[in-house]
Each structure stands twice: as C-alpha cells, then as structure tokens.
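Visitor: My structure is below; once you've seen it, I'll send some questions.
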There are 4 protein chains.
Amino acid sequence: MLDIQNTKGDYKYKINKVGISNVLYPVTLKTKRGMSVPTIGNFSMSVSLEQDLKGANMSRLPILLSEFGENTLELSDIKKDLKTLIHAMVKKMESKDGYLEMEFEFFLKKKAPVSDFQGIMPYKCKVFGSLHLEPSTEYDFILSVEVPVTTLCPCSKAISEYSAHNQRGYVQVSLRYSDLMYIEDIIEVVESSASCDIYPILKRIDEKYVTEKAYENPRFVEDMVRLVAERLQEDNRVSWFSISSRHQESIHAHDAFAVIEITK
Amino acid sequence: MLDIQNTKGDYKYKINKVGISNVLYPVTLKTKRGMSVPTIGNFSMSVSLEQDLKGANMSRLPILLSEFGENTLELSDIKKDLKTLIHAMVKKMESKDGYLEMEFEFFLKKKAPVSDFQGIMPYKCKVFGSLHLEPSTEYDFILSVEVPVTTLCPCSKAISEYSAHNQRGYVQVSLRYSDLMYIEDIIEVVESSASCDIYPILKRIDEKYVTEKAYENPRFVEDMVRLVAERLQEDNRVSWFSISSRHQESIHAHDAFAVIEITK
Amino acid sequence: MLDIQNTKGDYKYKINKVGISNVLYPVTLKTKRGMSVPTIGNFSMSVSLEQDLKGANMSRLPILLSEFGENTLELSDIKKDLKTLIHAMVKKMESKDGYLEMEFEFFLKKKAPVSDFQGIMPYKCKVFGSLHLEPSTEYDFILSVEVPVTTLCPCSKAISEYSAHNQRGYVQVSLRYSDLMYIEDIIEVVESSASCDIYPILKRIDEKYVTEKAYENPRFVEDMVRLVAERLQEDNRVSWFSISSRHQESIHAHDAFAVIEITK
Amino acid sequence: MLDIQNTKGDYKYKINKVGISNVLYPVTLKTKRGMSVPTIGNFSMSVSLEQDLKGANMSRLPILLSEFGENTLELSDIKKDLKTLIHAMVKKMESKDGYLEMEFEFFLKKKAPVSDFQGIMPYKCKVFGSLHLEPSTEYDFILSVEVPVTTLCPCSKAISEYSAHNQRGYVQVSLRYSDLMYIEDIIEVVESSASCDIYPILKRIDEKYVTEKAYENPRFVEDMVRLVAERLQEDNRVSWFSISSRHQESIHAHDAFAVIEITK
C-alpha cells in the first residue's frame, strides 16, 4: 500500500506546525487539595515537518492520546505531565518540535461568603506547551485561567447620588512559571483583586454582602489588571504574565477591556 | 447528464424540509423613518419534498437570492416582501411548502439621554416565515428582536444598605402580527420597560443619569417579561408573543431567565 | 431581612418559566455496557410562577444540584433520574411545572474498521425534560443525539467520470420513547444509515476502507433522514421523532439540510 | 462633576491596552473593481495608558466612529484609511499607542465554472492595526483573509480503488505588505492553490467539473500551506506572512491543520 505521506520530495518549505485540532478527550486533573476532578479537554496537537517530507503521519496523534489514557488522560502536575506527552509525541512523529494546546473547564467547590452554602464553580482554562529538541531541549509552557468576577465602576459611583453600574467581568491571566503553580493560586489572586467574587450559590444574606462589598471596592478595567499585575509581580515563580480584563458593561452593548503584559 | 434528484421512487416518507442553511447574503432594510440600512442576512431556505421524489434541486435556492437582489436583497416591509420571496421559492422548487429563516443585525441611531451624543446601536433580529399552498394558502410569520438593556435587582436593592447588583440583560421578543409592525416599535416597548436603556455613547453626565435611573427602576427577570407582556397585550396588531429575558447576573457565572408566551 | 421575591401582588400574568441557564456542572453517565463515563452538563432549570407571586427563589436551583450530586450528578437511566430531579425541583420551588435542559458530550470507545485501533469519539447530546403536577402528573422527555458521519453525494457520483464530493455531516435525532433507550442505540441507527461512519483513529488500511465504503453508499441529505426515519419507525419504544441532517458540503460555503418529523 | 478617570496617582504600571471591544458598526469597503460593498465590522479599539493616569476616557472611542462615519465607516484603502483612524484615536485619547482590530465579511460575486451562474461568496476577514507615536511614528498592519476551499486527500486517492475523501477546508492567510494589496488578490492565490474553488451556485454541469477537478488536484493540509507560501514568497509587496489551513475532514470528527509562517 502506497505511503504518500512518507515520500520525499524537493519541497520549498519546512512546515512550522502540522497536526489535528478540535479533538475532544476526557481528562482528569488534580486540585491543590489533591482531589481528582474530571473534565473535557479540547486538544490541538502538532509537530514541525522537515522540508523534504510530503506529509505527517496524522493517525499517530490520536493513538498517542489513547496510549497515555485509555479512558481519561490523567494530569497531576499539568506542566510536567504535558511535557512528557509532547516529548512522546515528537518522538512518535519523528519530528523535532511539538506543540500542544488544551482548553478545559476547571471545577472548584466554593462556599457562599456568609451562609456557607457550597456549590461548584467552573473556570475556563487553556494551556500552551511547546517543545523543541534542537539545538538543545527547550520547553515553553503557558497556563491561562479565566476568572469571572463582579466589577463596579468607580466613575459611576463617584458621580451618582446612589448606586453604581456593575457587571460580570472576565479576567484572563496567562503566565509562564518555574515551580509548581496551581490554578487555584491564580483564581485566588484574581478574586481577591476584584470588586467582589462571583459565587455558584448565594442566599439573601450573601447577596447583601456581595452587593455592599462590590460598592465598597469599585474597579475600572484598568484597576483590575494593575492589581492583579502587582500580585503576580511579587510571585517569584512567575517569569512572564499577560492579564486582560473584559467587563460586559451593564450600560453598553459593547465590552470594556484592558491588558497588561510583563516580562520580568 | 443524469438527473438523480428528479428520479422517482418508492420512498416511504415525504420530507418536511430540505434546503440550504448558513447562507450569508447582503440585505438592505427600511427603518421606520424610511432610511435604507444595510446589513447581512444569515439565511436558511427550505421546501417540503413529495414522497415519490428522490431529491430537491438545491441550486435553485441560491439562484433565487441572486434573482431577487443581484447586489443586495432589499426588504422594505419585511413580512410582505419575504412572503413574495417564499412564494417564488415554492414555485421554483415545484413544492407546496416553503420555509425561510433570516438572522441579522438591525442598526439604529440612538442619542445619549442627557448629552445628546448620537451613535449607532445594533439589535440582533431573526424572522421565521412559512408558506403552505395547500389545501389553501397559509402564511405564518414570526419576527424576533433581541434588545440589550440594563437590569437592576430589586432584592439586592431592598436588602443592601447601598447599591444593588445590576447587569446587561437581553430581552428577546418574538411575535406574530397582522398589520405593519416596525422593529423600532418592539425596541421601544422593551427599552421603556427595563431598569434603563443601553446606549452606544455615554458621557459622564449621561452615566450619572443611567446609574440613578436604573436604581430607581429595579427589575427582576420576572418583572421584565411581565411588563413587556402588558404592552404587547394592548397592541392590537399582535396576535401571539413569546418574551424571554436573560440577565448576565453580575454576582453569578450563570444567567437568570424568564419566559412568558401568550396566544391572544 | 426583606423577602421581595415572596411578596404577593396583583400581577397580570403567570410566568411560564423562570430559572437559571448556562450552569456548568460535572455529570456522570452510564454507558450501555454499564461503564461510568464523566462529562460536563450545561443546564437550564426553570419552573412556572403563579400570577400573584413577585419572584422565584432562584438560589434553590443550584442548591438542588449540590444536593443531588455533591461532586458530580450521577445519572444511570437519564430519563428516569431526571424526572426525580425535576420533581424535587418543582417541590423545592413550590411550583407546579418544572423544566430542565442539559447539553453534554457523550464519549464512546470506537474501533477502526480494519486495523482495530481503538479511540474515543465524542457525541453531542441534549435532553429536554418537563414535568407538570396539575391537573395530573405528566412527564415529557426528549433525548437528542448528534452523530457526525461521512456523506457522499449521489448526484456528483452519477455525473462525474471519477470520484464524488463528500463531507462531514451531522445527523441530529430527537425522540420521545417509552422504555429504556440508550444513546448507543441511536448512534448505531445513524452510523449504519450513513455513507460511512466517522472514526477517532484511522490507519491507511482503514482509510482505504472508509473511502471505498462511502463511494459505494452515496447519500443525499434526503436519503439520510429517510433511512434513519425507517429505522426509528420500526422501533416500538419510539413514539415521536425528529431527524435533521446537515452536511458541510465540500463544494459550497453553505450547508445542505433536511428534516423529517413524525408522530406515530 | 468628578472626573475619576483623569485623576493622577502613584500607580505601579503603564497599561498596554485599554479600550472597548465587541463594537458592531456598519462599514463600506471598496472592491478591486471599484464597487462599494457594505458589511458589518466587529471592532476592538484601544490605546496605551500612562503609568500616572487612573483611567482612559472610553466614551471618546465610539464618538470617534460616529465622527468618521455617521451612517457607515467608508474604507477604500483599508490599510491607509485605518491608519488615519488610529492616528485620530491616539490623539483624541491623548495617548501614544493605538490598536484597532476589525472582523468583517467581505462579499464578492463569483461565477460558476461552466454554467456561468453568478452568486455572492462571503469571505471572513480580520485586520490588526497598531500605531506608535514615540520614539518615532511606527505603523504595523496585518490583513487576514479566510478562504473556504475544497480539499481532496492524496493518500486516500492513492490507496483506494476509487474516489477519495474530500471536505471543506479553510485557508487563513495573514500578511504584512507595503503597497496596495486587495483582498481579491489573496483569495485568488488561495483558490488557485486548492483542490478546487468553492462556489455560491453550482448547476449539475458545474458539479461534474468541480468533482473531477478536485480529484485531479489532491491536496494535504501540508500541500495547501506550501503552495500558498510559494505564491506569497514571489509577491514583492508581502514582507511577512502566516498561512494556516484547517480541513474539516469528512472521515474524522476532528480537523487537520498546518501552519507556515515566514518573515522575508
């Protein structure tokens, strides 16, 4: 049977990335407290292709997922475990560069601030891993977490006789880090910087608390990214970060947003 | 050349709808003030297929769009003009039933409440038209308009010492009507029922106004649909309506919603 | 503390549905073979509200989810288990009508047709449950499964000297049923009616097989819905079904689709 | 009235970008043949904010759109005209750096290859413009065009007795260029590199043509990006490009993709 992909030819270009995307696969993650939580990963997996090769052996990519997790892909240290996976992928594909992206929801239990009612909060996450074997092994990994928060407008508060417009905001933190970092660490930084946290369950006693807390802690999009930046600047594990905050303003049909990116 | 679609056979079922979807086409609409505003329609067009026919002549559907508007499909009375289009479609397809759906953004100029700064607001709309030629001609048409508004929580206001959580809400009104009805009429009904309108441009003097107005007019999702229902009940042109209001609550990651549907 | 929601008033309308939507929650499903597979449910939960009541006690809805599954909502017989959940919801909300929708991915192992390489396939599903307590208890439940398949155009095959355009199609089957029905049953009906199945892993020996099989089994959108209808007609468990097939045609930027809906 | 945004403070960070996103606005574009075609732009507009400033004057951003186009934003040379707009934005916002992104559909008439039936094709486009005033004026502009095409698998063709799997592919070309470049130029490069073009209207005589043409011109994702790269390499107007091709494979639920990025 012909093997077109493996034929060699006089092609003009090396290909930066070739692979598969939009691959859904069950994943199990470890929380900071050591619990196993299931989720679904949306994967993109690719490798570089040498100039003289016609094509990549694509079928090896989903086979790799099956080999690493027959029923679910178990990740305890997400940065380290994905390095192992990408390394195996580069070897299996006889390539020198590998790329893996994975989007997933991370679920955490969260208690209401006063009533203590406990529910489950989803946080949308994404990771980007890339591994280069030549000239020497180089691994780059970015963890990105989106945290929904309440934001209340300082201008609206200052100029109005009462109340202030507030809304759901989404703060996305992307970072490179050296040692072990937990998704929970990033969530804590963002939530403690916002006008108020967002909760899965709030009784009236809690609703009073979050309404008043938000009013006492007004935040522009500019404030949000500056406050989170300050906290990440202090964290020695973090070598680079990009923070964006997007507020679904309750007084406009469009959103307000701000971005800070810093390489330490 | 073989014409597989037109072959007859001993099939077991008539087909309710067969056609094309996700067709993007330029459209021009008339505003209530008689201005022509361009937009983009996302179309779904289909017809019924008799039991003994193998397939429909799909290519006639995009040809019809070209025939009705070489550069853009001009609609002045949307209900009446689409009836003409669906009738032509049913005839061209040699069918007895025709269905057309179109999603589009409707753009309207809107002035800030105090400063009078004027910008353009988008409103997401959708129409559903269906025409049956037998036993006698029957035309059904639903116009659906989604209006973004500010909603402020009555409970949060009542129990908190100051402020109240508020957020962007989306009120979708779908209705059947006899005489001419303008998208602007529906927008007016919804915006005047909300805690406050949403605007494309707001200066600080306007922001004070909308903040205070929202606080003075708190609305649950339940209030929103009831207030809009009251107004549509009074409108003699309207024979059926369904109203849903969805609030992107600033204190939760999920939304709150309510629905009222009434056949007069 | 004031309880605005529970105040009574002279309102003009009963509200059909009031609740929360876009709620993500971990779910565990049972496969036909009895395996537990984790997934994520996107929930919409709502109840009716009497005419004289101001508002619903929204916070009880996410609390209900926590009560039914502290870490994950376990569903073995999805129709029966959701009836129990909706009944509890209606009681907890002191209402008479309850509605629950849940979207989720269902993961199944699937072997390549020749090489036997096994991977995991995702199938997008949705359920709609509604329970009315008065005048007498009435439970309605619709299960909807979307199955990706290969479809090859009979017309293109008939008129061309060689080859035929083919593409990914999505067949969505929604049905009402009496006895126990498995998602796997619906998938089997659709996959065996298509030009060819779609697989998570295909080696070259498999790719030859699926290419030739699709060419030998050409299917219009019309064929797809008729063939699936025939199979569901024969299944005595099924009392109503709606089948839609949407093909992402490889020769157009738009899609082709067909729909058959039958009440037995 | 207090002006919180303009208060100065001892903040720790300059903000890279602050502005508004998800702003829909009517736009008119010029085609290569000089026709005016209407569309809708989804805008993101932002500027940098100095370290000592509390916030940006957000309302000036939608005002700017109104000033540049009361009813529609007219763009004839998209790169040059957006530079003018971004420059005005930076000045109005009293900033030093400006960023504008705009997503839009570009509509072109396209004739069927044999029958000459003419319809309208949509192409999804995006532009990214950024202007820095210090230390000296620097303008960067990227034009990105997504072209849907037919792709037919060379491996499937080579190993199968007849036919080959084919599908809709989306080739996205992003590029930096010096002189005037038309969206039509990019579309032509991609369409002539694919297994076959995609058309808005195809009669049977055309369907035979495109089916056979695709079979005679098989393309892997790797082929697609290499062939387009070759053509862009030869175009002296282009200084940098990134090409990605994503094929919605008819035999898998996931997509195949490849990327080539080259700085000349």
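To be explicit about the labels: the chains of the structure tokens are called A, B, and onward in the order shown, and within each one the residues are counted from 1, while ligands get numbers from 1 in the order they are shown.
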Using only C-alpha atoms, what does the table of chain C residues within 6 Å of chain B look like, with each row giving the shortest atom pair and its distance in Å to one decimal, sorted by chain and ascending number, as a tab-separated table?
Guide:
```
residue	atom	partner	partner_atom	distance
C:Ile4	CA	B:Cys155	CA	5.6
C:Ile15	CA	B:Ile260	CA	5.4
C:Asn16	CA	B:Ile260	CA	5.2
C:Lys17	CA	B:Val259	CA	5.0
C:Val18	CA	B:Ala258	CA	4.1
C:Gly19	CA	B:Phe257	CA	5.5
C:Ile20	CA	B:Ala256	CA	4.4
C:Ser21	CA	B:Asp255	CA	5.2
C:Asn22	CA	B:His254	CA	5.2
C:Val23	CA	B:His254	CA	5.3
C:Cys155	CA	B:Ile4	CA	5.6
C:His254	CA	B:Asn22	CA	5.2
C:Asp255	CA	B:Ser21	CA	5.2
C:Ala256	CA	B:Ile20	CA	4.4
C:Phe257	CA	B:Gly19	CA	5.5
C:Ala258	CA	B:Val18	CA	4.1
C:Val259	CA	B:Lys17	CA	5.0
C:Ile260	CA	B:Asn16	CA	5.2
```
Visitor: Quick one: residues within 10 Å of stretch 89-93 of chain B, only C-alpha atoms, excluding same-chain residues fewer than 4 positions away - as a PyMOL selection string?
Guide: chain B and resi 45-49+56-61+63-65+83-85+97-100+131-133
Visitor: Would you export the selected residues with N, CA, C and O atoms as a compact mmCIF listing (two decimals), in the first residue's frame, please?
Guide:
```
# COMPACT_ATOMS: atom_id res chain seq x y z
N MET B 45 -33.13 28.36 3.92
CA MET B 45 -34.24 28.30 2.96
C MET B 45 -34.54 26.84 2.67
O MET B 45 -33.64 26.08 2.33
N SER B 46 -35.82 26.45 2.79
CA SER B 46 -36.14 25.06 2.53
C SER B 46 -37.57 24.89 2.06
O SER B 46 -38.40 25.78 2.21
N VAL B 47 -37.84 23.73 1.48
CA VAL B 47 -39.18 23.38 1.00
C VAL B 47 -39.48 21.94 1.40
O VAL B 47 -38.58 21.19 1.78
N SER B 48 -40.74 21.56 1.27
CA SER B 48 -41.09 20.15 1.50
C SER B 48 -40.84 19.37 0.22
O SER B 48 -40.79 19.95 -0.87
N LEU B 49 -40.65 18.06 0.36
CA LEU B 49 -40.38 17.22 -0.82
C LEU B 49 -41.36 16.05 -0.82
O LEU B 49 -41.48 15.33 0.18
N ALA B 56 -34.25 17.32 -3.89
CA ALA B 56 -34.62 18.68 -4.30
C ALA B 56 -33.53 19.27 -5.18
O ALA B 56 -32.38 18.85 -5.13
N ASN B 57 -33.91 20.26 -5.99
CA ASN B 57 -32.94 20.94 -6.85
C ASN B 57 -32.32 22.10 -6.10
O ASN B 57 -32.68 23.27 -6.29
N MET B 58 -31.38 21.77 -5.24
CA MET B 58 -30.81 22.72 -4.28
C MET B 58 -30.28 24.00 -4.94
O MET B 58 -30.38 25.07 -4.35
N SER B 59 -29.68 23.88 -6.11
CA SER B 59 -29.00 25.04 -6.70
C SER B 59 -29.98 26.18 -7.02
O SER B 59 -29.59 27.33 -7.14
N ARG B 60 -31.28 25.83 -7.11
CA ARG B 60 -32.25 26.89 -7.40
C ARG B 60 -32.42 27.85 -6.22
O ARG B 60 -32.91 28.96 -6.41
N LEU B 61 -32.03 27.43 -5.04
CA LEU B 61 -32.22 28.28 -3.86
C LEU B 61 -31.28 29.49 -3.86
O LEU B 61 -31.73 30.63 -3.75
N ILE B 63 -29.80 30.62 -6.45
CA ILE B 63 -30.13 31.37 -7.68
C ILE B 63 -31.27 32.34 -7.39
O ILE B 63 -31.26 33.49 -7.83
N LEU B 64 -32.24 31.88 -6.61
CA LEU B 64 -33.37 32.74 -6.25
C LEU B 64 -32.91 34.01 -5.54
O LEU B 64 -33.40 35.11 -5.83
N LEU B 65 -31.98 33.87 -4.62
CA LEU B 65 -31.46 35.05 -3.91
C LEU B 65 -30.86 36.04 -4.92
O LEU B 65 -31.10 37.24 -4.84
N LYS B 83 -42.78 37.11 2.10
CA LYS B 83 -43.84 36.24 1.58
C LYS B 83 -43.69 36.09 0.06
O LYS B 83 -43.79 34.97 -0.49
N THR B 84 -43.43 37.19 -0.62
CA THR B 84 -43.21 37.17 -2.07
C THR B 84 -42.02 36.26 -2.40
O THR B 84 -42.09 35.45 -3.33
N LEU B 85 -40.95 36.39 -1.62
CA LEU B 85 -39.76 35.57 -1.87
C LEU B 85 -40.04 34.09 -1.62
O LEU B 85 -39.66 33.22 -2.43
N ASP B 97 -44.72 23.68 0.11
CA ASP B 97 -44.46 24.33 1.40
C ASP B 97 -43.08 24.96 1.37
O ASP B 97 -42.12 24.32 0.92
N GLY B 98 -42.98 26.17 1.86
CA GLY B 98 -41.68 26.84 1.88
C GLY B 98 -41.37 27.44 3.24
O GLY B 98 -42.29 27.87 3.96
N TYR B 99 -40.10 27.43 3.60
CA TYR B 99 -39.66 27.95 4.90
C TYR B 99 -38.44 28.84 4.71
O TYR B 99 -37.51 28.47 3.99
N LEU B 100 -38.46 29.97 5.36
CA LEU B 100 -37.28 30.85 5.30
C LEU B 100 -37.01 31.42 6.69
O LEU B 100 -37.91 31.92 7.36
N LEU B 131 -44.78 29.21 4.33
CA LEU B 131 -45.92 29.35 3.42
C LEU B 131 -46.37 27.97 2.96
O LEU B 131 -45.55 27.15 2.53
N HIS B 132 -47.67 27.71 3.10
CA HIS B 132 -48.25 26.44 2.64
C HIS B 132 -49.26 26.76 1.54
O HIS B 132 -50.14 27.60 1.75
N LEU B 133 -49.13 26.11 0.40
CA LEU B 133 -50.04 26.41 -0.70
C LEU B 133 -51.31 25.54 -0.67
O LEU B 133 -52.30 25.90 -1.27
```
Visitor: How would you write, as a PyMOL selection string, the set of residues in stretch 140-257 of chain A that DSSP gives as helix (DSSP H, G or I)?
Guide: chain A and resi 154-159+183-191+204-216+221-234
Visitor: Tell me, as a list of chain:residue names, which residues lie within 12 Å of C:Asn217, counting only C-alpha atoms; anything in the same chain fewer than 6 positions away does not count.
Guide: C:Thr150, C:Thr151, C:Leu152, C:Cys153, C:Pro154, C:Lys157, C:Ala164, C:Asn166, C:Ser192, C:Ser193, C:Ala194, C:Ser195, C:Cys196, C:Asp197, C:Val210, C:Thr211, C:Asp223, C:Met224, D:Ser163
Visitor: Nearest to A:Asn71: which of A:Ser144, A:Thr28, A:Gln118, A:Thr137 is it, counting only C-alpha atoms?
Guide: A:Thr28
Visitor: Counting only C-alpha atoms, what is within 8 Å of A:Val114, bar same-chain residues fewer than 5 positions away, as a ChimeraX atom specification?
Guide: /A:205-206,209
Visitor: Between atom CA of A:Lys110 and atom CA of B:Gln167, measure the distance and give it in Å to one decimal.
Guide: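 Interatomic distance, atom CA of A:Lys110 to atom CA of B:Gln167: 22.3 Å.
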Visitor: Please provide the set of residues having any atom within 7 Å of stretch 174-180 of chain B, restricted to only C-alpha atoms, with same-chain residues fewer than 5 positions apart removed, written as a list of chain:residue names.
Guide: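 Once the nearby chain positions are removed, what remains is B:Phe141, B:Ile142, B:Leu143, B:Ser144, B:Val145, B:Arg237, B:Val238, B:Ser239, B:Trp240, B:Phe241, B:Ser242, B:Ile243.
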Visitor: Write the residues of the preceding selection, restricted to N, CA and C atoms, as a tab-separated table (two decimals), in the first residue's frame.
Guide:
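Final output, saved to result12.tsv:
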```tsv
chain	number	residue	atom	x	y	z
B	141	PHE	N	-45.74	34.10	9.94
B	141	PHE	CA	-44.52	34.91	10.03
B	141	PHE	C	-44.28	35.33	11.46
B	142	ILE	N	-43.07	35.08	11.94
B	142	ILE	CA	-42.68	35.49	13.29
B	142	ILE	C	-41.48	36.41	13.20
B	143	LEU	N	-41.59	37.54	13.87
B	143	LEU	CA	-40.47	38.50	13.96
B	143	LEU	C	-39.93	38.43	15.37
B	144	SER	N	-38.61	38.31	15.47
B	144	SER	CA	-37.98	38.17	16.79
B	144	SER	C	-36.87	39.22	16.92
B	145	VAL	N	-36.91	39.99	17.99
B	145	VAL	CA	-35.93	41.07	18.20
B	145	VAL	C	-35.31	40.92	19.59
B	237	ARG	N	-52.25	44.85	16.93
B	237	ARG	CA	-51.62	44.21	15.77
B	237	ARG	C	-51.08	42.83	16.12
B	238	VAL	N	-50.79	42.62	17.42
B	238	VAL	CA	-50.11	41.41	17.86
B	238	VAL	C	-51.10	40.30	18.23
B	239	SER	N	-50.95	39.12	17.62
B	239	SER	CA	-51.88	38.02	17.93
B	239	SER	C	-51.25	36.95	18.82
B	240	TRP	N	-49.91	36.89	18.83
B	240	TRP	CA	-49.20	35.92	19.66
B	240	TRP	C	-47.82	36.49	19.98
B	241	PHE	N	-47.37	36.22	21.20
B	241	PHE	CA	-45.99	36.65	21.51
B	241	PHE	C	-45.35	35.73	22.52
B	242	SER	N	-44.03	35.68	22.44
B	242	SER	CA	-43.21	34.98	23.43
B	242	SER	C	-42.09	35.94	23.82
B	243	ILE	N	-41.96	36.15	25.12
B	243	ILE	CA	-40.95	37.09	25.62
B	243	ILE	C	-40.01	36.34	26.53
```
Visitor: Excluding same-chain residues fewer than 5 positions from B:Phe104, what lies within 7 Å of it counting only C-alpha atoms, as a PyMOL selection string?
Guide: chain B and resi 39-42+124-126
Visitor: Which is closer to A:Tyr199 than all the others in B:Val149, B:Leu73, B:Ile186, B:Ile251, using only C-alpha atoms?
Guide: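 Result for the nearest residue to A:Tyr199: B:Ile251.
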Visitor: For B:His165, which residue among B:Glu94, B:Lys109, B:Ala214, B:Leu29 is the nearest when counting only C-alpha atoms?
Guide: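 Checking each of B:Glu94, B:Lys109, B:Ala214, B:Leu29 against B:His165, counting only C-alpha atoms, the winner is B:Ala214.
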Visitor: Can you pull out every residue within 6 Å of stretch 200-204 of chain A, counting only C-alpha atoms, but drop anything in the same chain fewer than 5 positions away, and send it as a ChimeraX atom specification?
Guide: /A:112,119,121 /C:59
